[in-house]
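**Student:** Structure: structure_17.pdb, PDB, C-alpha atoms, pLDDT in the B column.
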ATOM      1  CA  MET A   1      95.451  38.803 179.581  1.00 56.00           C
ATOM      2  CA  LEU A   2      93.481  38.567 182.831  1.00 59.00           C
ATOM      3  CA  GLY A   3      95.769  40.667 184.962  1.00 58.00           C
ATOM      4  CA  GLU A   4      94.693  40.756 188.599  1.00 66.00           C
ATOM      5  CA  SER A   5      91.035  40.024 187.860  1.00 68.00           C
ATOM      6  CA  CYS A   6      91.270  36.282 188.664  1.00 76.00           C
ATOM      7  CA  ARG A   7      92.909  34.267 191.428  1.00 85.00           C
ATOM      8  CA  TRP A   8      91.784  30.822 190.204  1.00 90.00           C
ATOM      9  CA  LEU A   9      92.567  29.369 186.788  1.00 92.00           C
ATOM     10  CA  LYS A  10      91.044  26.204 185.359  1.00 94.00           C
ATOM     11  CA  VAL A  11      93.439  23.878 183.563  1.00 95.00           C
ATOM     12  CA  GLY A  12      91.413  21.449 181.464  1.00 93.00           C
ATOM     13  CA  MET A  13      92.293  18.281 179.605  1.00 94.00           C
ATOM     14  CA  GLU A  14      93.521  19.930 176.396  1.00 93.00           C
ATOM     15  CA  LEU A  15      96.030  22.159 178.143  1.00 94.00           C
ATOM     16  CA  TYR A  16      97.069  19.607 180.767  1.00 95.00           C
ATOM     17  CA  TYR A  17      97.739  16.900 178.203  1.00 95.00           C
ATOM     18  CA  ALA A  18      99.972  19.341 176.327  1.00 95.00           C
ATOM     19  CA  ALA A  19     101.940  20.737 179.270  1.00 95.00           C
ATOM     20  CA  GLY A  20     101.308  18.554 182.344  1.00 94.00           C
ATOM     21  CA  ASN A  21     102.299  19.295 185.931  1.00 94.00           C
ATOM     22  CA  ALA A  22     105.037  21.688 184.852  1.00 94.00           C
ATOM     23  CA  LEU A  23     102.384  24.160 183.714  1.00 94.00           C
ATOM     24  CA  VAL A  24     100.431  23.771 186.936  1.00 95.00           C
ATOM     25  CA  ALA A  25     103.573  24.465 188.944  1.00 94.00           C
ATOM     26  CA  GLU A  26     104.421  27.545 186.848  1.00 94.00           C
ATOM     27  CA  LEU A  27     100.949  29.042 187.181  1.00 94.00           C
ATOM     28  CA  GLN A  28     101.081  28.518 190.918  1.00 94.00           C
ATOM     29  CA  ARG A  29     104.504  30.163 190.995  1.00 93.00           C
ATOM     30  CA  ARG A  30     102.833  33.195 189.421  1.00 91.00           C
ATOM     31  CA  GLY A  31     100.362  33.327 192.286  1.00 91.00           C
ATOM     32  CA  TYR A  32      97.324  31.556 190.837  1.00 92.00           C
ATOM     33  CA  LYS A  33      95.318  28.780 192.448  1.00 94.00           C
ATOM     34  CA  ILE A  34      94.640  25.914 190.061  1.00 96.00           C
ATOM     35  CA  PHE A  35      91.461  23.996 189.347  1.00 97.00           C
ATOM     36  CA  LEU A  36      92.669  20.874 187.526  1.00 97.00           C
ATOM     37  CA  ASP A  37      89.633  19.766 185.509  1.00 96.00           C
ATOM     38  CA  LEU A  38      90.626  16.305 184.261  1.00 97.00           C
ATOM     39  CA  LYS A  39      87.314  14.490 184.876  1.00 97.00           C
ATOM     40  CA  LEU A  40      89.104  11.185 185.451  1.00 98.00           C
ATOM     41  CA  HIS A  41      86.977   8.093 184.807  1.00 98.00           C
ATOM     42  CA  ASP A  42      88.464   4.581 184.614  1.00 98.00           C
ATOM     43  CA  ILE A  43      88.923   1.486 186.735  1.00 98.00           C
ATOM     44  CA  PRO A  44      89.776   2.232 190.394  1.00 98.00           C
ATOM     45  CA  ASN A  45      93.477   1.380 190.127  1.00 98.00           C
ATOM     46  CA  THR A  46      94.011   3.539 187.041  1.00 98.00           C
ATOM     47  CA  VAL A  47      92.151   6.532 188.472  1.00 98.00           C
ATOM     48  CA  ALA A  48      94.062   6.209 191.742  1.00 98.00           C
ATOM     49  CA  GLY A  49      97.327   6.327 189.814  1.00 98.00           C
ATOM     50  CA  GLY A  50      96.192   9.313 187.779  1.00 97.00           C
ATOM     51  CA  VAL A  51      95.077  11.202 190.877  1.00 98.00           C
ATOM     52  CA  ARG A  52      98.336  10.367 192.650  1.00 97.00           C
ATOM     53  CA  SER A  53     100.422  11.659 189.737  1.00 96.00           C
ATOM     54  CA  ALA A  54      98.380  14.748 188.945  1.00 95.00           C
ATOM     55  CA  SER A  55      98.039  15.860 192.563  1.00 94.00           C
ATOM     56  CA  GLN A  56     101.826  16.001 192.945  1.00 93.00           C
ATOM     57  CA  ALA A  57     101.728  19.489 191.427  1.00 91.00           C
ATOM     58  CA  GLY A  58      99.586  20.694 194.331  1.00 93.00           C
ATOM     59  CA  ALA A  59      96.544  21.979 192.443  1.00 95.00           C
ATOM     60  CA  GLY A  60      93.801  23.183 194.755  1.00 96.00           C
ATOM     61  CA  LEU A  61      90.997  21.238 193.061  1.00 98.00           C
ATOM     62  CA  MET A  62      90.800  18.194 190.783  1.00 98.00           C
ATOM     63  CA  THR A  63      87.788  16.537 189.170  1.00 98.00           C
ATOM     64  CA  ILE A  64      86.840  12.889 188.754  1.00 98.00           C
ATOM     65  CA  HIS A  65      83.568  11.470 187.369  1.00 98.00           C
ATOM     66  CA  ALA A  66      81.119  10.254 190.007  1.00 98.00           C
ATOM     67  CA  SER A  67      79.683   7.888 187.402  1.00 97.00           C
ATOM     68  CA  GLY A  68      82.883   5.847 187.759  1.00 98.00           C
ATOM     69  CA  GLY A  69      81.320   4.354 190.893  1.00 98.00           C
ATOM     70  CA  GLY A  70      81.977   4.127 194.592  1.00 98.00           C
ATOM     71  CA  ALA A  71      85.048   1.905 194.389  1.00 98.00           C
ATOM     72  CA  MET A  72      86.708   4.255 191.926  1.00 98.00           C
ATOM     73  CA  MET A  73      85.954   7.309 194.047  1.00 98.00           C
ATOM     74  CA  ARG A  74      87.174   5.664 197.234  1.00 98.00           C
ATOM     75  CA  ALA A  75      90.410   4.735 195.484  1.00 98.00           C
ATOM     76  CA  ALA A  76      90.827   8.349 194.386  1.00 98.00           C
ATOM     77  CA  VAL A  77      90.219   9.616 197.920  1.00 98.00           C
ATOM     78  CA  GLU A  78      92.933   7.294 199.224  1.00 98.00           C
ATOM     79  CA  ALA A  79      95.368   8.359 196.488  1.00 98.00           C
ATOM     80  CA  VAL A  80      94.957  12.138 196.464  1.00 98.00           C
ATOM     81  CA  LYS A  81      97.725  14.187 198.031  1.00 95.00           C
ATOM     82  CA  ALA A  82      97.213  17.376 200.024  1.00 94.00           C
ATOM     83  CA  PRO A  83      96.516  20.158 199.322  1.00 95.00           C
ATOM     84  CA  THR A  84      94.517  18.884 196.325  1.00 97.00           C
ATOM     85  CA  ARG A  85      90.801  18.531 196.965  1.00 97.00           C
ATOM     86  CA  LEU A  86      88.683  16.154 194.888  1.00 98.00           C
ATOM     87  CA  LEU A  87      85.463  17.180 193.188  1.00 98.00           C
ATOM     88  CA  ALA A  88      82.986  14.609 191.894  1.00 98.00           C
ATOM     89  CA  VAL A  89      81.408  15.543 188.556  1.00 98.00           C
ATOM     90  CA  THR A  90      77.750  14.499 188.598  1.00 98.00           C
ATOM     91  CA  VAL A  91      76.013  15.175 185.261  1.00 96.00           C
ATOM     92  CA  LEU A  92      77.747  17.325 182.655  1.00 94.00           C
ATOM     93  CA  THR A  93      76.030  20.633 181.946  1.00 88.00           C
ATOM     94  CA  SER A  94      76.033  19.717 178.247  1.00 88.00           C
ATOM     95  CA  MET A  95      73.571  16.894 178.997  1.00 92.00           C
ATOM     96  CA  ASP A  96      69.806  17.152 179.366  1.00 92.00           C
ATOM     97  CA  ALA A  97      67.164  14.446 179.836  1.00 94.00           C
ATOM     98  CA  GLU A  98      67.323  13.439 176.180  1.00 95.00           C
ATOM     99  CA  GLU A  99      71.093  13.055 176.285  1.00 95.00           C
ATOM    100  CA  LEU A 100      70.842  10.964 179.444  1.00 96.00           C
ATOM    101  CA  ARG A 101      68.285   8.674 177.826  1.00 97.00           C
ATOM    102  CA  GLY A 102      70.698   8.217 174.932  1.00 97.00           C
ATOM    103  CA  VAL A 103      73.229   6.610 177.289  1.00 96.00           C
ATOM    104  CA  GLY A 104      70.639   4.475 179.055  1.00 97.00           C
ATOM    105  CA  VAL A 105      69.798   6.697 182.034  1.00 97.00           C
ATOM    106  CA  SER A 106      66.040   7.049 182.488  1.00 97.00           C
ATOM    107  CA  ALA A 107      66.299   9.415 185.464  1.00 97.00           C
ATOM    108  CA  THR A 108      65.958  13.164 185.039  1.00 95.00           C
ATOM    109  CA  PRO A 109      69.172  15.201 185.305  1.00 95.00           C
ATOM    110  CA  GLN A 110      68.126  16.323 188.780  1.00 96.00           C
ATOM    111  CA  GLU A 111      67.483  12.752 189.940  1.00 97.00           C
ATOM    112  CA  GLN A 112      70.767  11.533 188.488  1.00 98.00           C
ATOM    113  CA  VAL A 113      72.751  14.398 190.003  1.00 98.00           C
ATOM    114  CA  LEU A 114      71.301  13.666 193.440  1.00 98.00           C
ATOM    115  CA  ARG A 115      71.990   9.927 193.095  1.00 98.00           C
ATOM    116  CA  LEU A 116      75.612  10.471 192.083  1.00 98.00           C
ATOM    117  CA  ALA A 117      76.187  13.175 194.712  1.00 98.00           C
ATOM    118  CA  ARG A 118      74.967  10.857 197.450  1.00 98.00           C
ATOM    119  CA  LEU A 119      77.296   8.136 196.172  1.00 98.00           C
ATOM    120  CA  ALA A 120      80.245  10.536 196.078  1.00 98.00           C
ATOM    121  CA  TRP A 121      79.475  11.771 199.574  1.00 98.00           C
ATOM    122  CA  SER A 122      79.348   8.224 200.950  1.00 98.00           C
ATOM    123  CA  SER A 123      82.693   7.592 199.197  1.00 98.00           C
ATOM    124  CA  GLY A 124      84.356  10.394 201.135  1.00 98.00           C
ATOM    125  CA  ILE A 125      84.196  13.262 198.609  1.00 98.00           C
ATOM    126  CA  ARG A 126      82.890  16.567 199.920  1.00 98.00           C
ATOM    127  CA  GLY A 127      82.979  18.594 196.699  1.00 98.00           C
ATOM    128  CA  MET A 128      80.523  18.208 193.798  1.00 98.00           C
ATOM    129  CA  VAL A 129      80.223  19.650 190.314  1.00 97.00           C
ATOM    130  CA  CYS A 130      76.638  20.209 189.207  1.00 95.00           C
ATOM    131  CA  SER A 131      74.609  22.670 187.181  1.00 93.00           C
ATOM    132  CA  ALA A 132      72.814  25.615 188.746  1.00 90.00           C
ATOM    133  CA  GLU A 133      69.553  23.723 188.270  1.00 92.00           C
ATOM    134  CA  GLU A 134      70.586  21.202 190.941  1.00 94.00           C
ATOM    135  CA  VAL A 135      72.728  23.240 193.292  1.00 95.00           C
ATOM    136  CA  ALA A 136      69.883  24.239 195.628  1.00 95.00           C
ATOM    137  CA  LEU A 137      68.822  20.598 195.904  1.00 96.00           C
ATOM    138  CA  LEU A 138      72.366  19.473 196.761  1.00 97.00           C
ATOM    139  CA  ARG A 139      72.805  22.296 199.247  1.00 96.00           C
ATOM    140  CA  GLN A 140      69.635  21.170 201.022  1.00 96.00           C
ATOM    141  CA  GLU A 141      70.647  17.491 200.838  1.00 96.00           C
ATOM    142  CA  LEU A 142      74.324  17.801 201.808  1.00 97.00           C
ATOM    143  CA  GLY A 143      74.328  20.894 203.984  1.00 95.00           C
ATOM    144  CA  PRO A 144      76.807  23.740 204.403  1.00 94.00           C
ATOM    145  CA  GLU A 145      79.874  21.485 204.410  1.00 95.00           C
ATOM    146  CA  ALA A 146      79.435  20.592 200.739  1.00 97.00           C
ATOM    147  CA  PHE A 147      81.617  22.522 198.290  1.00 98.00           C
ATOM    148  CA  LEU A 148      79.410  22.955 195.221  1.00 97.00           C
ATOM    149  CA  VAL A 149      81.067  24.011 191.980  1.00 96.00           C
ATOM    150  CA  VAL A 150      78.827  25.173 189.139  1.00 94.00           C
ATOM    151  CA  PRO A 151      79.913  25.324 185.479  1.00 91.00           C
ATOM    152  CA  GLY A 152      77.674  26.286 182.558  1.00 83.00           C
ATOM    153  CA  ILE A 153      77.728  29.927 183.659  1.00 85.00           C
ATOM    154  CA  ARG A 154      76.484  32.359 181.040  1.00 79.00           C
ATOM    155  CA  PRO A 155      75.936  36.072 181.740  1.00 74.00           C
ATOM    156  CA  ALA A 156      72.631  37.379 180.413  1.00 65.00           C
ATOM    157  CA  GLY A 157      72.730  37.587 176.623  1.00 57.00           C
ATOM    158  CA  SER A 158      75.681  35.214 176.235  1.00 65.00           C
ATOM    159  CA  ASP A 159      75.717  32.385 173.705  1.00 60.00           C
ATOM    160  CA  ALA A 160      74.941  29.059 175.414  1.00 56.00           C
ATOM    161  CA  GLY A 161      77.174  27.145 172.969  1.00 60.00           C
ATOM    162  CA  ASP A 162      77.031  23.399 173.631  1.00 60.00           C
ATOM    163  CA  GLN A 163      75.744  23.848 177.177  1.00 67.00           C
ATOM    164  CA  ARG A 164      72.183  22.776 178.006  1.00 68.00           C
ATOM    165  CA  ARG A 165      71.749  23.518 181.712  1.00 73.00           C
ATOM    166  CA  ILE A 166      73.017  27.064 182.230  1.00 70.00           C
ATOM    167  CA  ALA A 167      72.525  30.005 184.581  1.00 79.00           C
ATOM    168  CA  THR A 168      73.716  33.547 185.138  1.00 85.00           C
ATOM    169  CA  PRO A 169      76.393  34.148 187.786  1.00 85.00           C
ATOM    170  CA  ARG A 170      73.848  35.889 190.012  1.00 85.00           C
ATOM    171  CA  ASP A 171      71.341  33.028 189.852  1.00 87.00           C
ATOM    172  CA  ALA A 172      73.940  30.324 190.501  1.00 89.00           C
ATOM    173  CA  ILE A 173      75.286  32.096 193.589  1.00 90.00           C
ATOM    174  CA  ALA A 174      71.783  32.772 194.873  1.00 88.00           C
ATOM    175  CA  ALA A 175      70.960  29.069 194.519  1.00 89.00           C
ATOM    176  CA  GLY A 176      73.848  28.088 196.799  1.00 92.00           C
ATOM    177  CA  ALA A 177      76.963  27.641 194.635  1.00 93.00           C
ATOM    178  CA  SER A 178      80.332  27.763 196.403  1.00 94.00           C
ATOM    179  CA  MET A 179      82.325  28.456 193.240  1.00 93.00           C
ATOM    180  CA  LEU A 180      81.513  29.204 189.600  1.00 91.00           C
ATOM    181  CA  VAL A 181      83.373  27.936 186.540  1.00 89.00           C
ATOM    182  CA  VAL A 182      83.359  30.495 183.736  1.00 85.00           C
ATOM    183  CA  GLY A 183      85.091  29.627 180.485  1.00 75.00           C
ATOM    184  CA  ARG A 184      84.090  30.930 177.077  1.00 80.00           C
ATOM    185  CA  PRO A 185      82.264  34.081 178.300  1.00 75.00           C
ATOM    186  CA  ILE A 186      85.740  35.197 179.418  1.00 77.00           C
ATOM    187  CA  THR A 187      88.156  33.471 177.034  1.00 74.00           C
ATOM    188  CA  LYS A 188      86.151  34.402 173.927  1.00 78.00           C
ATOM    189  CA  ALA A 189      85.419  37.972 175.006  1.00 78.00           C
ATOM    190  CA  PRO A 190      87.120  40.872 173.163  1.00 80.00           C
ATOM    191  CA  ASP A 191      88.491  41.993 176.531  1.00 80.00           C
ATOM    192  CA  PRO A 192      88.780  38.918 178.808  1.00 77.00           C
ATOM    193  CA  ALA A 193      89.927  40.924 181.837  1.00 79.00           C
ATOM    194  CA  GLN A 194      86.945  43.253 181.581  1.00 80.00           C
ATOM    195  CA  ALA A 195      84.565  40.312 181.112  1.00 80.00           C
ATOM    196  CA  ALA A 196      85.985  38.704 184.251  1.00 80.00           C
ATOM    197  CA  ARG A 197      85.584  41.929 186.226  1.00 82.00           C
ATOM    198  CA  GLU A 198      81.945  42.250 185.159  1.00 79.00           C
ATOM    199  CA  ILE A 199      81.207  38.696 186.255  1.00 79.00           C
ATOM    200  CA  LEU A 200      82.941  39.308 189.577  1.00 82.00           C
ATOM    201  CA  ALA A 201      80.832  42.423 190.053  1.00 80.00           C
ATOM    202  CA  GLU A 202      77.662  40.420 189.436  1.00 76.00           C
ATOM    203  CA  ILE A 203      78.802  37.822 191.963  1.00 78.00           C
ATOM    204  CA  ALA A 204      79.528  40.549 194.513  1.00 77.00           C
ATOM    205  CA  GLN A 205      76.012  41.919 194.101  1.00 75.00           C
ATOM    206  CA  ALA A 206      74.571  38.430 194.589  1.00 71.00           C
ATOM    207  CA  VAL A 207      76.356  37.892 197.917  1.00 70.00           C
ATOM    208  CA  ALA A 208      75.858  41.430 199.230  1.00 65.00           C
TER
END
Translate the structure of the given file into structure tokens.
**Tutor:**
Amino acid sequence: MLGESCRWLKVGMELYYAAGNALVAELQRRGYKIFLDLKLHDIPNTVAGGVRSASQAGAGLMTIHASGGGAMMRAAVEAVKAPTRLLAVTVLTSMDAEELRGVGVSATPQEQVLRLARLAWSSGIRGMVCSAEEVALLRQELGPEAFLVVPGIRPAGSDAGDQRRIATPRDAIAAGASMLVVGRPITKAPDPAQAAREILAEIAQAVA
């Protein structure tokens, strides 16, 4: 479906729960790098076990929730197996200030992202997931070493769906993103490979 247009594939919870590490291994055998987006969030011991098991397949990236706390993140750092790299999810791009207030967080999304990113950094994690609205702030705060992954990417004119904090590929790269996560604009497109190529072209223009 995507042909040679993509080198990285994201395997999310729905697909991973259905097929597990065998799928990750098969996709890697076909030459893809895997972003394992599990967003693990539980007590430290349970998350450590999940990270240990899931990283056995050798995915390049794996997500855990920074809101699980410092002890949980430190346990995950100790459990992860190379070459898998952990990413700490800060605030989901489907959440805005109103959604945060609904779960008892009075901070703005930007304030909460910065708080959780600092906690993740102090816990030994050097990769963060944030929206494009916070990526420039985290780049300034954490410096060039930080690997900043930005979901909620919507090319101009695309349907936002259930996402609240979105950006175009060009804007996210210009703000300092290291990697973009693009889902439905590709998977729901009439021609996914062509949609991916157009997004890659926009990214190339942004970094030129």
**Student:** Assuming the chain letters and numbering stay as they are in my file, what does the PyMOL selection byres ((chain A and resi 130) around 9) actually select? List them as a ChimeraX atom specification.
**Tutor:** /A:88-93,113,117,128-129,131-135,138,148-151
**Student:** I'd like the residues picked by the PyMOL selection byres ((chain A and resi 13-29) around 8) written out as a count of residues only, using the chain letters and numbers from the file.
**Tutor:** 14
**Student:** Identify, on the basis of all atoms listed in the file, every residue whose closest approach to stretch 179-192 of chain A does not exceed 8 Å; exclude the query and any residue fewer than 6 positions from it along the same chain; express the result as JSON, numbers by chain.
**Tutor:** {"A": [1, 2, 10, 147, 148, 149, 150, 151, 152, 153, 154, 155, 158, 169, 172, 173]}
**Student:** Give me, please, the distance in Å between atom CA of A:Gly50 and atom CA of A:Pro109, quoted to one decimal.
**Tutor:**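 Atom CA of A:Pro109 lies at a distance of 27.8 Å from atom CA of A:Gly50.
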**Student:** Which residue gives the smallest distance to A:Ala206 among A:Gln194, A:Gly60, A:Val77, A:Gly176, with all atoms listed in the file counted?
**Tutor:**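 Looking at the shortest contact to A:Ala206, the residue is A:Gly176.
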**Student:** Given the PyMOL selection byres ((chain A and resi 62) around 8) and the file above, list the residues it selects as a ChimeraX atom specification.
**Tutor:** /A:35-39,55,59-61,63-64,84-87
**Student:** So the first atom is atom CA of A:Arg139 and the second is atom CA of A:Glu98; what is the distance between them in Å, to one decimal place?
**Tutor:**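 So the answer is 25.3 Å.
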**Student:** So how many Å separate atom CA of A:Ala79 and atom CA of A:Arg118, to one decimal?
**Tutor:** 20.6 Å
**Student:** Would you fill the gaps in stretch 6-31 of chain A so it has N, CA and C atoms, then print it as a CSV table (one decimal), in the frame of the given file?
**Tutor:**
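Below you can see out32.csv, which holds the result:
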chain,number,residue,atom,x,y,z
A,6,CYS,N,91.6,37.7,188.2
A,6,CYS,CA,91.3,36.3,188.7
A,6,CYS,C,92.4,35.7,189.6
A,7,ARG,N,92.0,35.0,190.6
A,7,ARG,CA,92.9,34.3,191.4
A,7,ARG,C,93.0,32.8,191.1
A,8,TRP,N,91.9,32.2,190.6
A,8,TRP,CA,91.8,30.8,190.2
A,8,TRP,C,91.8,30.7,188.7
A,9,LEU,N,92.6,29.7,188.2
A,9,LEU,CA,92.6,29.4,186.8
A,9,LEU,C,92.2,27.9,186.6
A,10,LYS,N,91.4,27.6,185.7
A,10,LYS,CA,91.0,26.2,185.4
A,10,LYS,C,92.0,25.7,184.3
A,11,VAL,N,92.6,24.6,184.6
A,11,VAL,CA,93.4,23.9,183.6
A,11,VAL,C,92.7,22.6,183.2
A,12,GLY,N,92.2,22.6,181.9
A,12,GLY,CA,91.4,21.4,181.5
A,12,GLY,C,92.3,20.4,180.8
A,13,MET,N,91.6,19.4,180.2
A,13,MET,CA,92.3,18.3,179.6
A,13,MET,C,93.2,18.7,178.5
A,14,GLU,N,92.7,19.6,177.6
A,14,GLU,CA,93.5,19.9,176.4
A,14,GLU,C,94.8,20.5,176.8
A,15,LEU,N,94.8,21.5,177.7
A,15,LEU,CA,96.0,22.2,178.1
A,15,LEU,C,96.9,21.2,179.0
A,16,TYR,N,96.3,20.5,179.9
A,16,TYR,CA,97.1,19.6,180.8
A,16,TYR,C,97.8,18.5,180.0
A,17,TYR,N,97.1,17.9,179.0
A,17,TYR,CA,97.7,16.9,178.2
A,17,TYR,C,98.9,17.4,177.4
A,18,ALA,N,98.9,18.7,177.1
A,18,ALA,CA,100.0,19.3,176.3
A,18,ALA,C,101.1,19.7,177.2
A,19,ALA,N,100.9,20.2,178.5
A,19,ALA,CA,101.9,20.7,179.3
A,19,ALA,C,102.2,20.1,180.6
A,20,GLY,N,101.1,19.3,181.1
A,20,GLY,CA,101.3,18.6,182.3
A,20,GLY,C,101.5,19.4,183.6
A,21,ASN,N,102.1,18.7,184.6
A,21,ASN,CA,102.3,19.3,185.9
A,21,ASN,C,103.2,20.5,185.9
A,22,ALA,N,104.1,20.5,184.9
A,22,ALA,CA,105.0,21.7,184.9
A,22,ALA,C,104.3,23.0,184.7
A,23,LEU,N,103.2,23.0,183.9
A,23,LEU,CA,102.4,24.2,183.7
A,23,LEU,C,101.7,24.5,185.0
A,24,VAL,N,101.1,23.5,185.7
A,24,VAL,CA,100.4,23.8,186.9
A,24,VAL,C,101.4,24.4,187.9
A,25,ALA,N,102.6,23.9,188.0
A,25,ALA,CA,103.6,24.5,188.9
A,25,ALA,C,103.9,25.9,188.6
A,26,GLU,N,104.1,26.2,187.3
A,26,GLU,CA,104.4,27.5,186.8
A,26,GLU,C,103.3,28.5,187.1
A,27,LEU,N,102.1,28.1,186.9
A,27,LEU,CA,100.9,29.0,187.2
A,27,LEU,C,100.8,29.3,188.7
A,28,GLN,N,101.1,28.3,189.5
A,28,GLN,CA,101.1,28.5,190.9
A,28,GLN,C,102.2,29.4,191.3
A,29,ARG,N,103.4,29.3,190.7
A,29,ARG,CA,104.5,30.2,191.0
A,29,ARG,C,104.1,31.6,190.7
A,30,ARG,N,103.3,31.8,189.8
A,30,ARG,CA,102.8,33.2,189.4
A,30,ARG,C,101.7,33.7,190.3
A,31,GLY,N,101.3,32.9,191.3
A,31,GLY,CA,100.4,33.3,192.3
A,31,GLY,C,98.9,32.9,192.1
